[in-house]
Structure formats: structure tokens, C-alpha cells
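J.: Handing you this structure, nothing more for now.
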Amino acid sequence: MPLDEIIKRKPYEKIVHIVRRHWITYIPTVILYSFLAIIPFPLLFVLGQANPAFFQDANARAIIVLLVSAFELSIALFFYASFLMYYLDMIIVTNDRLVEVSQRSLFSRKVSELDLYKIQDATSDVSGVVATIFDYGTLALQTAGEHDNFVFDGVGHPHDLRRQLLDLAEEDRKYHARIGAHGAADLK
Amino acid sequence: MLSIPLFIFLAIYCIYLLFFLLFSAANVYHIYSTATFTAPAVLITVGVSLWCMMILAATFIAITGVDWQTTLVLLGNQGLITIQ
């Protein structure tokens with residue numbers, strides 16, 4: 001599975017969760033692109049009223065059709081690219097670590113990971129009417145060591161996710177403590 | 001006075017279509033490479049593909065019958081743009 005290649009899954013690892021931003025966070029983008037897609041038509045109507053002779057010419061119409069077509073295709077392309085950036089941004093939670101895949105542009109992807117046992121503190125924040133209704137918000141993870149804190153915006157059910165992550169982190173800490181006490185060979 | 005044959009616009013549009021296809025293929029490859037063949041991804045992909053096909057079909061219908069050998073005169077003495 002290609003997702004395994006992205007996170008370089010270890011043999012003993014199993015994926016527990018794949019978390020994406022809540023779909024409601026993508027709605028403003030849909031509205032923006034819908035608005036941009038309909039812009040040429042009222043504009044052409046106004047221009048047609050201002051200069052009817054130009055629009056009656058078949059060749060002039062052909063140039064306008066090509067321009068509008070290129071504009072609409074560009075809107076479709078950018079809309080799809082923005083969907084990919086929304087959809088391919090994800091957090092993959094395994095029983096060993098947490099991998100954040102950040103699709104920053106079409107040809108730029110950042111992958112960062114965090115061992116679950118290093119999670120010291122987790123904070124979930126749901127603020128605002130819309131966020132409360134649709135249950136999405138911010139999840140912040142504080143880690144041990146010099147690593148930056150992980151902050152995920154717009155994730156769905158952040159309180160549940162925080163609890164699950166803390167449980168998984170506790171299990172992973174116990175596993176690492178057993179390794180420390182008996183050595184990795186004894187556990188195999 | 002500057003004359004431009006109308007087919008130049010068609011040629012530029014065709015070059016644009018080439019770039020459009022390349023970037024669309026790159027987009028679809030991302031879905032393939034991350035194996036995100038989930039219902040939302042497939043739905044959006046099919047929706048955007050249908051949208052693009054409708055635009056291309058409407059464009060094709062609208063430009064059928066245009067004489068591309070016609071010359072467009074820019075900055076002529078009859079106005080800013082004249083079609084001959």
C-alpha cells in the first residue's frame with residue numbers, strides 16, 4: 001500500500017487512525033471557487049450590453065469563448081489542487097508513533113513524526129459556535145525533548161482524539177519501560 | 001496597425017490545454033500515490049472531470065464553424081480591435 005511507503009511502516013506497527021481536517025473547514029474554499037467560476041457570466045452580460053456589436057461578431061465570440069474556457073478550466077484545476085491539499089493533509093496514528101503528512105503544494109510534501117511515548121501533554125480546543133456544532137477544533141501535543149510541539153488545526157472530534165492519543169501514548173510508554181527492564185530480545 | 005491571425009488564439013489555447021492535462025495528471029497521480037481512493041476523493045475527481053468535459057464540449061460546440069484564417073487588426077484606424 002503506498003501509504004505504508006510514505007510512513008515507512010515497521011513490521012509490528014498497525015495503523016490505528018487516519019485523521020483529516022473536518023470537511024466543514026473546506027466549505028469556504030468551495031464557496032470561493034464557485035463564486036470565481038460564475039464571475040465571467042455576469043461580466044460578459046455587462047460587456048454585451050455595453051458593446052453589442054462586438055459580441056455579435058462570430059470571430060470575436062470565438063476569442064471570448066476560448067478565454068472563458070481557459071479561465072473555467074483553470075478554476076477547475078485549482079479547485080482540484082486545493083482539494084488535494086486539503087485531503088492529503090493527514091495525521092496517521094499507529095500504535096507506535098504519530099505521522100503528520102502535510103501537502104503544502106502540488107509538488108511539496110512535509111512528513112513529520114513523533115513517537116507516542118514522547119507525548120507529555122495533549123490539549124484539545126473547540127471554540128466557536130460552528131466548531132461546537134460540528135465538533136472540530138485544534139489538537140496540540142506537547143513533547144519531551146527539543147522537538148517542536150505538534151499543533152493540528154481543524155481536526156474532527158479533537159477531545160476524543162486527545163483521549164485516544166493519551167491512552168496510546170501510555171501503552172507505548174509501558175512497552176518502552178518493559179524494553180528498558182528486560183531488553184528488547186526478551187520481548188520478542 | 002498590428003494584424004494577428006485568429007488561429008494564433010487557438011494555438012495558444014491548445015498549448016494551455018497541454019499544460020492543463022499535465023497538471024491534471026499530476027493531481028490524479030497524487031491520489032494514486034497516496035492510495036486515497038476513498039468515496040470523497042473519487043466523488044470530487046469524477047465531479048471535476050465531468051465539469052472539465054462539459055467546459056471542453058461547450059467550447060468545442062461554440063467554436064465550430066469559426067474561420068480561423070480571419071485576421072484580427074489591433075490598433076487599426078477603425079478602433080482598438082477590428083476583425084477583418
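In the C-alpha cells, chains take the letters A, B, ... in the order shown, each chain's residues start at 1, and ligands count up from 1 in the order shown.
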Looking only at strand (DSSP E or B) from DSSP on the backbone, list the matching residues of range 5-78 of chain B as a list in words.

T.: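 DSSP on the backbone gives strand (DSSP E or B) at Pro5, Thr71, Leu72, Val73, Leu74, Leu75 and Gly76 of chain B.
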
J.: What does the file look like for those residues with N, CA and C atoms, as a PDB file, in the first residue's frame?

T.:
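Below is the file that was written, again-v4.pdb:
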```
ATOM      1  N   PRO B   5      -3.415  36.653 -37.011  1.00  0.00           N
ATOM      2  CA  PRO B   5      -4.396  35.663 -37.491  1.00  0.00           C
ATOM      3  C   PRO B   5      -5.137  35.060 -36.294  1.00  0.00           C
ATOM      4  N   THR B  71      -8.228  37.607 -39.898  1.00  0.00           N
ATOM      5  CA  THR B  71      -7.169  38.388 -39.238  1.00  0.00           C
ATOM      6  C   THR B  71      -7.788  39.382 -38.257  1.00  0.00           C
ATOM      7  N   LEU B  72      -7.128  39.471 -37.130  1.00  0.00           N
ATOM      8  CA  LEU B  72      -7.552  40.432 -36.106  1.00  0.00           C
ATOM      9  C   LEU B  72      -6.613  41.631 -36.202  1.00  0.00           C
ATOM     10  N   VAL B  73      -7.166  42.816 -36.408  1.00  0.00           N
ATOM     11  CA  VAL B  73      -6.329  44.015 -36.533  1.00  0.00           C
ATOM     12  C   VAL B  73      -6.356  44.780 -35.209  1.00  0.00           C
ATOM     13  N   LEU B  74      -5.189  44.902 -34.612  1.00  0.00           N
ATOM     14  CA  LEU B  74      -5.071  45.644 -33.352  1.00  0.00           C
ATOM     15  C   LEU B  74      -4.578  47.054 -33.656  1.00  0.00           C
ATOM     16  N   LEU B  75      -5.076  48.014 -32.953  1.00  0.00           N
ATOM     17  CA  LEU B  75      -4.659  49.414 -33.062  1.00  0.00           C
ATOM     18  C   LEU B  75      -4.815  49.950 -34.488  1.00  0.00           C
ATOM     19  N   GLY B  76      -5.882  49.505 -35.187  1.00  0.00           N
ATOM     20  CA  GLY B  76      -6.138  49.995 -36.537  1.00  0.00           C
ATOM     21  C   GLY B  76      -6.818  51.358 -36.493  1.00  0.00           C
TER      22      GLY B  76
END
```

J.: Would you list which chain A residues are within 9 Å of chain B using only C-alpha atoms, as a compact mmCIF listing (two decimals) with all heavy atoms, in the first residue's frame?

T.:
```
# COMPACT_ATOMS: atom_id res chain seq x y z
N MET A 1 0.84 -1.21 0.00
CA MET A 1 0.00 0.00 0.00
C MET A 1 0.88 1.26 0.00
O MET A 1 1.77 1.38 0.83
CB MET A 1 -0.89 -0.04 1.25
CG MET A 1 -1.89 1.08 1.33
SD MET A 1 -2.78 0.97 2.89
CE MET A 1 -3.66 2.51 2.83
N PRO A 2 0.69 2.21 -0.91
CA PRO A 2 1.56 3.39 -0.98
C PRO A 2 1.61 4.20 0.31
O PRO A 2 2.62 4.81 0.60
CB PRO A 2 0.96 4.20 -2.12
CG PRO A 2 0.28 3.20 -2.98
CD PRO A 2 -0.23 2.18 -2.03
N LEU A 3 0.53 4.21 1.10
CA LEU A 3 0.53 4.96 2.36
C LEU A 3 1.60 4.41 3.30
O LEU A 3 2.24 5.15 4.03
CB LEU A 3 -0.86 4.86 3.01
CG LEU A 3 -1.24 5.95 4.00
CD1 LEU A 3 -1.22 7.32 3.36
CD2 LEU A 3 -2.59 5.67 4.60
N ASP A 4 1.80 3.09 3.26
CA ASP A 4 2.84 2.46 4.07
C ASP A 4 4.23 2.95 3.66
O ASP A 4 5.12 3.10 4.49
CB ASP A 4 2.79 0.94 3.91
CG ASP A 4 1.57 0.36 4.59
OD1 ASP A 4 0.95 1.07 5.39
OD2 ASP A 4 1.24 -0.80 4.31
N GLU A 5 4.37 3.19 2.34
CA GLU A 5 5.67 3.68 1.86
C GLU A 5 5.92 5.10 2.35
O GLU A 5 7.05 5.46 2.66
CB GLU A 5 5.70 3.65 0.33
CG GLU A 5 5.81 2.24 -0.21
CD GLU A 5 5.58 2.18 -1.71
OE1 GLU A 5 5.81 3.19 -2.38
OE2 GLU A 5 5.16 1.11 -2.18
N ILE A 6 4.87 5.91 2.42
CA ILE A 6 5.04 7.30 2.89
C ILE A 6 5.49 7.31 4.34
O ILE A 6 6.40 8.03 4.71
CB ILE A 6 3.72 8.10 2.73
CG1 ILE A 6 3.41 8.31 1.24
CG2 ILE A 6 3.80 9.46 3.42
CD1 ILE A 6 2.05 8.92 0.98
N ASP A 57 -20.28 39.56 -33.50
CA ASP A 57 -19.32 39.00 -34.45
C ASP A 57 -18.90 37.60 -34.02
O ASP A 57 -18.47 37.41 -32.88
CB ASP A 57 -18.10 39.93 -34.52
CG ASP A 57 -17.14 39.49 -35.59
OD1 ASP A 57 -16.35 38.56 -35.32
OD2 ASP A 57 -17.22 40.03 -36.70
N ALA A 58 -19.01 36.62 -34.92
CA ALA A 58 -18.71 35.22 -34.58
C ALA A 58 -17.25 35.03 -34.18
O ALA A 58 -16.94 34.25 -33.27
CB ALA A 58 -19.04 34.33 -35.76
N ASN A 59 -16.34 35.74 -34.84
CA ASN A 59 -14.91 35.59 -34.54
C ASN A 59 -14.56 36.19 -33.17
O ASN A 59 -13.75 35.63 -32.44
CB ASN A 59 -14.08 36.24 -35.64
CG ASN A 59 -14.28 35.54 -36.96
OD1 ASN A 59 -14.45 34.32 -37.01
ND2 ASN A 59 -14.31 36.30 -38.04
N ALA A 60 -15.18 37.32 -32.87
CA ALA A 60 -14.94 37.93 -31.54
C ALA A 60 -15.47 37.00 -30.45
O ALA A 60 -14.84 36.83 -29.41
CB ALA A 60 -15.63 39.29 -31.47
N ARG A 61 -16.62 36.41 -30.75
CA ARG A 61 -17.21 35.46 -29.78
C ARG A 61 -16.28 34.27 -29.56
O ARG A 61 -16.14 33.77 -28.45
CB ARG A 61 -18.57 34.98 -30.26
CG ARG A 61 -19.73 35.87 -29.82
CD ARG A 61 -21.04 35.10 -29.73
NE ARG A 61 -21.34 34.35 -30.94
CZ ARG A 61 -21.97 34.83 -31.99
NH1 ARG A 61 -22.40 36.08 -31.99
NH2 ARG A 61 -22.21 34.09 -33.05
N ALA A 62 -15.61 33.83 -30.66
CA ALA A 62 -14.70 32.68 -30.54
C ALA A 62 -13.56 32.98 -29.58
O ALA A 62 -13.19 32.14 -28.75
CB ALA A 62 -14.14 32.33 -31.92
N ILE A 63 -13.01 34.21 -29.66
CA ILE A 63 -11.90 34.60 -28.76
C ILE A 63 -12.40 34.61 -27.31
O ILE A 63 -11.73 34.11 -26.40
CB ILE A 63 -11.33 35.99 -29.15
CG1 ILE A 63 -10.69 35.90 -30.53
CG2 ILE A 63 -10.29 36.46 -28.13
CD1 ILE A 63 -10.33 37.24 -31.12
N VAL A 65 -14.92 32.95 -26.09
CA VAL A 65 -15.19 31.55 -25.67
C VAL A 65 -13.88 30.89 -25.23
O VAL A 65 -13.84 30.22 -24.19
CB VAL A 65 -15.86 30.76 -26.82
CG1 VAL A 65 -15.78 29.26 -26.57
CG2 VAL A 65 -17.31 31.18 -26.98
N LEU A 66 -12.81 31.09 -26.00
CA LEU A 66 -11.51 30.50 -25.63
C LEU A 66 -11.02 31.04 -24.30
O LEU A 66 -10.51 30.29 -23.46
CB LEU A 66 -10.47 30.75 -26.73
CG LEU A 66 -10.71 30.04 -28.07
CD1 LEU A 66 -9.56 30.34 -29.03
CD2 LEU A 66 -10.85 28.53 -27.91
N LEU A 67 -11.16 32.35 -24.10
CA LEU A 67 -10.72 32.97 -22.84
C LEU A 67 -11.53 32.43 -21.66
O LEU A 67 -10.95 32.05 -20.63
CB LEU A 67 -10.87 34.50 -22.92
CG LEU A 67 -9.82 35.25 -23.74
CD1 LEU A 67 -10.18 36.73 -23.85
CD2 LEU A 67 -8.44 35.11 -23.10
N VAL A 68 -12.85 32.41 -21.82
CA VAL A 68 -13.71 31.93 -20.72
C VAL A 68 -13.45 30.45 -20.45
O VAL A 68 -13.37 30.02 -19.30
CB VAL A 68 -15.21 32.19 -21.04
CG1 VAL A 68 -16.11 31.53 -20.00
CG2 VAL A 68 -15.49 33.67 -21.08
N SER A 69 -13.26 29.68 -21.52
CA SER A 69 -12.98 28.25 -21.37
C SER A 69 -11.69 28.03 -20.58
O SER A 69 -11.64 27.21 -19.65
CB SER A 69 -12.89 27.60 -22.75
OG SER A 69 -12.49 26.28 -22.63
N ALA A 70 -10.63 28.78 -20.96
CA ALA A 70 -9.34 28.64 -20.25
C ALA A 70 -9.50 29.05 -18.78
O ALA A 70 -8.94 28.40 -17.89
CB ALA A 70 -8.28 29.50 -20.94
N GLU A 72 -12.29 28.92 -16.93
CA GLU A 72 -13.08 27.91 -16.22
C GLU A 72 -12.25 26.64 -15.96
O GLU A 72 -12.35 26.03 -14.89
CB GLU A 72 -14.34 27.55 -17.01
CG GLU A 72 -15.36 28.67 -17.09
CD GLU A 72 -16.03 28.99 -15.76
OE1 GLU A 72 -16.13 28.11 -14.90
OE2 GLU A 72 -16.42 30.17 -15.57
N LEU A 73 -11.45 26.25 -16.96
CA LEU A 73 -10.60 25.06 -16.76
C LEU A 73 -9.56 25.31 -15.67
O LEU A 73 -9.25 24.42 -14.87
CB LEU A 73 -9.91 24.67 -18.07
CG LEU A 73 -10.81 24.06 -19.15
CD1 LEU A 73 -10.04 23.87 -20.45
CD2 LEU A 73 -11.38 22.71 -18.71
N SER A 74 -9.04 26.55 -15.62
CA SER A 74 -8.06 26.89 -14.57
C SER A 74 -8.71 26.83 -13.20
O SER A 74 -8.12 26.33 -12.24
CB SER A 74 -7.51 28.30 -14.78
OG SER A 74 -6.91 28.39 -16.03
N ALA A 76 -11.24 24.95 -12.36
CA ALA A 76 -11.43 23.52 -12.06
C ALA A 76 -10.12 22.90 -11.57
O ALA A 76 -10.09 22.15 -10.59
CB ALA A 76 -11.94 22.79 -13.29
N LEU A 77 -9.02 23.26 -12.24
CA LEU A 77 -7.70 22.71 -11.89
C LEU A 77 -7.27 23.17 -10.49
O LEU A 77 -6.83 22.35 -9.67
CB LEU A 77 -6.68 23.15 -12.94
CG LEU A 77 -5.30 22.52 -12.88
CD1 LEU A 77 -5.40 21.02 -13.17
CD2 LEU A 77 -4.38 23.17 -13.88
N PHE A 79 -9.19 24.28 -8.13
CA PHE A 79 -10.12 23.73 -7.14
C PHE A 79 -9.70 22.29 -6.78
O PHE A 79 -9.65 21.94 -5.60
CB PHE A 79 -11.55 23.73 -7.70
CG PHE A 79 -12.54 22.98 -6.84
CD1 PHE A 79 -12.99 23.54 -5.66
CD2 PHE A 79 -13.00 21.73 -7.20
CE1 PHE A 79 -13.88 22.84 -4.85
CE2 PHE A 79 -13.89 21.03 -6.41
CZ PHE A 79 -14.34 21.59 -5.23
N TYR A 80 -9.36 21.52 -7.79
CA TYR A 80 -8.96 20.13 -7.55
C TYR A 80 -7.64 20.07 -6.76
O TYR A 80 -7.49 19.25 -5.85
CB TYR A 80 -8.86 19.38 -8.87
CG TYR A 80 -8.75 17.89 -8.71
CD1 TYR A 80 -9.74 17.17 -8.05
CD2 TYR A 80 -7.67 17.18 -9.20
CE1 TYR A 80 -9.65 15.81 -7.89
CE2 TYR A 80 -7.57 15.81 -9.05
CZ TYR A 80 -8.56 15.13 -8.39
OH TYR A 80 -8.47 13.78 -8.22
N ALA A 81 -6.71 20.97 -7.13
CA ALA A 81 -5.43 21.02 -6.41
C ALA A 81 -5.65 21.42 -4.95
O ALA A 81 -5.02 20.85 -4.05
CB ALA A 81 -4.48 22.00 -7.09
N PHE A 83 -8.35 20.84 -3.26
CA PHE A 83 -8.97 19.68 -2.60
C PHE A 83 -7.88 18.68 -2.18
O PHE A 83 -7.92 18.14 -1.08
CB PHE A 83 -9.98 19.00 -3.53
CG PHE A 83 -10.43 17.66 -3.02
CD1 PHE A 83 -11.32 17.57 -1.95
CD2 PHE A 83 -9.94 16.49 -3.57
CE1 PHE A 83 -11.71 16.34 -1.45
CE2 PHE A 83 -10.33 15.25 -3.07
CZ PHE A 83 -11.22 15.18 -2.02
N LEU A 84 -6.91 18.47 -3.10
CA LEU A 84 -5.83 17.52 -2.77
C LEU A 84 -5.05 17.98 -1.56
O LEU A 84 -4.72 17.19 -0.68
CB LEU A 84 -4.88 17.37 -3.96
CG LEU A 84 -5.38 16.53 -5.13
CD1 LEU A 84 -4.29 16.39 -6.16
CD2 LEU A 84 -5.79 15.15 -4.66
N TYR A 87 -7.17 17.28 1.36
CA TYR A 87 -7.44 15.87 1.64
C TYR A 87 -6.17 15.07 1.97
O TYR A 87 -6.23 14.09 2.70
CB TYR A 87 -8.15 15.24 0.43
CG TYR A 87 -8.96 14.03 0.80
CD1 TYR A 87 -10.09 14.15 1.61
CD2 TYR A 87 -8.59 12.77 0.38
CE1 TYR A 87 -10.82 13.05 1.97
CE2 TYR A 87 -9.32 11.66 0.73
CZ TYR A 87 -10.43 11.80 1.53
OH TYR A 87 -11.16 10.70 1.89
N LEU A 88 -5.04 15.50 1.39
CA LEU A 88 -3.80 14.75 1.64
C LEU A 88 -3.06 15.24 2.88
O LEU A 88 -2.05 14.67 3.27
CB LEU A 88 -2.88 14.79 0.42
CG LEU A 88 -3.47 14.19 -0.86
CD1 LEU A 88 -2.46 14.21 -1.99
CD2 LEU A 88 -3.96 12.77 -0.63
N LEU A 106 1.32 21.29 -4.73
CA LEU A 106 1.24 20.10 -5.58
C LEU A 106 2.55 19.31 -5.56
O LEU A 106 2.56 18.09 -5.63
CB LEU A 106 0.88 20.53 -7.00
CG LEU A 106 0.29 19.48 -7.92
CD1 LEU A 106 -0.92 18.84 -7.28
CD2 LEU A 106 -0.07 20.09 -9.26
N PHE A 107 3.68 20.01 -5.46
CA PHE A 107 4.97 19.32 -5.50
C PHE A 107 5.76 19.55 -4.22
O PHE A 107 6.99 19.60 -4.24
CB PHE A 107 5.77 19.80 -6.73
CG PHE A 107 5.05 19.53 -8.03
CD1 PHE A 107 4.40 20.54 -8.71
CD2 PHE A 107 4.99 18.24 -8.54
CE1 PHE A 107 3.73 20.29 -9.89
CE2 PHE A 107 4.31 17.99 -9.71
CZ PHE A 107 3.68 19.00 -10.39
```

J.: Need the shell around range 109-114 of chain A: protein/DNA/RNA residues with any atom at most 6 Å away, counting only C-alpha atoms. Skip same-chain ones fewer than 5 positions apart. Format as JSON, numbers by chain?

T.: {"A": [97, 98, 99, 100, 101, 102, 103, 104]}

J.: Save out the residues we just selected, N, CA and C atoms, as a PDB file, in the first residue's frame.

T.:
```
ATOM      1  N   ARG A  97       3.691   5.450  16.794  1.00  0.00           N
ATOM      2  CA  ARG A  97       4.013   6.864  16.542  1.00  0.00           C
ATOM      3  C   ARG A  97       2.868   7.575  15.848  1.00  0.00           C
ATOM      4  N   LEU A  98       3.115   8.850  15.668  1.00  0.00           N
ATOM      5  CA  LEU A  98       2.121   9.697  15.005  1.00  0.00           C
ATOM      6  C   LEU A  98       2.847  10.369  13.837  1.00  0.00           C
ATOM      7  N   VAL A  99       2.303  10.216  12.639  1.00  0.00           N
ATOM      8  CA  VAL A  99       2.943  10.787  11.450  1.00  0.00           C
ATOM      9  C   VAL A  99       2.039  11.864  10.879  1.00  0.00           C
ATOM     10  N   GLU A 100       2.596  13.049  10.721  1.00  0.00           N
ATOM     11  CA  GLU A 100       1.818  14.145  10.132  1.00  0.00           C
ATOM     12  C   GLU A 100       2.285  14.338   8.694  1.00  0.00           C
ATOM     13  N   VAL A 101       1.357  14.172   7.753  1.00  0.00           N
ATOM     14  CA  VAL A 101       1.669  14.391   6.341  1.00  0.00           C
ATOM     15  C   VAL A 101       1.043  15.729   5.965  1.00  0.00           C
ATOM     16  N   SER A 102       1.891  16.645   5.533  1.00  0.00           N
ATOM     17  CA  SER A 102       1.394  17.976   5.189  1.00  0.00           C
ATOM     18  C   SER A 102       1.671  18.245   3.712  1.00  0.00           C
ATOM     19  N   GLN A 103       0.587  18.266   2.923  1.00  0.00           N
ATOM     20  CA  GLN A 103       0.713  18.527   1.486  1.00  0.00           C
ATOM     21  C   GLN A 103       0.653  20.040   1.311  1.00  0.00           C
ATOM     22  N   ARG A 104       1.836  20.683   1.208  1.00  0.00           N
ATOM     23  CA  ARG A 104       1.868  22.152   1.192  1.00  0.00           C
ATOM     24  C   ARG A 104       1.540  22.733  -0.177  1.00  0.00           C
TER      25      ARG A 104
END
```

J.: In Å, how far is it from CA of Ile75 in chain A to CA of Phe41 in chain A?

T.: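 Straight-line distance from CA of Ile75 in chain A to CA of Phe41 in chain A works out to 14.0 Å.
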
J.: Have a look at CA of His159 in chain A and CA of Leu139 in chain A and let me know their distance in Å, one decimal.

T.: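 The value is 8.1 Å.
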
J.: Apply DSSP to the structure's backbone, then extract all residues of range 6-77 of chain B labelled helix (DSSP H, G or I) and return them as a count of residues only.

T.: 52
